[in-house]
Amino acid sequence: MNTFNLPAEVEGLMAALAVGLLIGLERGWHEREVQEGGRVAGLRTFALTGLLGGVLGHLLPVFGPWPLVGAEVGLALLLTASYSRVAEQSGNLSATTAVAMLLTLALGAFAAHGNVALALAAAVVAAVLLNLKPTLHSWLRLIQSSELSASLQLLVLSVVILPYLPDMGLGPYEALNPYKLWWAVILIAALSLTGHFAMRLSGPQRGLLWTGLLGGLASSTAATLALGRFAREQPATLRACVSGILAACGVMFLRVAVLLAVISPPSILTLGGASVLAGLVLLAMALWQWRQVQSEAHPASAGHAVQPMSPFNLGTALAFGSYLAAIAVLVPAAKAWLGASGIYMLSAVSGVADVDAIVISLARMHHAGGIALAATGMALGLATLSNIASKVVIAWTTAGRRVGLAVALANLLALGAGGLVLWGLLVPVAQ
């Protein structure tokens, strides 16, 4: 970064001054309406603080860290005295500027010690965070308690627990890999939480099509149940509900393709391609149904009564992990006891409630070479078919014969298109 070939000491001091000016510019602008002398710290004070940090940083090799520590403590005491008086007069208890000044001193020393780029980057981030106060506070007001709890639980799963799990096969058939099982739980939980936030951010006025599209990220079965119930309560929105259900089913196929691409990348050209085609066919039919709703002037805006899917909770995530672990053991066990027919039977049964667990298990097993591509495709097809059948039953029983038939025909067409592609790709492989 030293374009002008300046001495290292000069470059460090310039960077320390730039840190102070950058953070001080934001703080000075924020308090620009305060009369002269009424601010505890402004642009000049921040610039001098950054420069002081730069000088102390250059003294580190000679005197060690104690001058810098003493300066931080002294500055903290000075800010405490100043802000206690300001708080008494104005009633403002915010300590943001004080913390920003302490950070400025530390970053000035950091820049002078040779970490110019990183110190300047940290100063930019600090200035952006300080400037985003209204935006960040408005986001906090929008977050619901259940969403905050779900987000924190997801961080616990991914940051606190995942790094310490062993990445090796354990248990029967060495099929239980704690790290990969937990990673799959995180992936599904993240998809669910993303779908929930996307539904909230899109707004209820987007209607039933958006409900299906975004609900399919979390659970296409749950979206089918919610939309089917709403169609029964509001018959005028029946076709719009069909559109949302088909969209949810289409997103489910695309979600399967994403899981295959992440866990077993080579399968994306075969199994993933068929899943993507089936998903696109369903999405196209969902869009056609929605166009019909608009042309017939049905009250599709009634979709505001359908609430977003609930974000995941820790109990749900752990239950899914247990289910996934059971499937991970049962798939090789079924292969060992009954051969390919055992895997097919297990896929058909497990797919009734959810396809994610069996997709993850089969993809992992195929990637490890434990099951052929053709057998994997057949098992995934059976799991998908049983899952579609369960959603057709849900749609039929909750919304009636018309919705059930529409969902069944659309999914059969999508399965046929995907099946033809899969057949064309797998037959040459088998031969």
# chains A, B, ... in the order shown; residues from 1 in each chain; ligands from 1
call {"tool": "residues_around", "arguments": {"residues": "stretch 52-61 of chain A", "least_positions_apart": "2", "cutoff": "9 Å", "atoms": "only C-alpha atoms", "output": "ChimeraX atom specification"}}
result
/A:9,12-17,47-50,63-68,71,104-113
call {"tool": "closest_residue", "arguments": {"among": "A:Val62, A:Ala231, A:Leu157, A:Leu330", "to": "A:Arg402", "atoms": "only C-alpha atoms"}}
result
A:Ala231
call {"tool": "closest_residue", "arguments": {"among": "A:Ser82, A:Gly228, A:Phe197, A:Gly28", "to": "A:Leu142", "atoms": "only C-alpha atoms"}}
result
A:Phe197
call {"tool": "atom_distance", "arguments": {"atom1": "atom CA of A:Cys249", "atom2": "atom CA of A:Val329"}}
result
27.8 Å
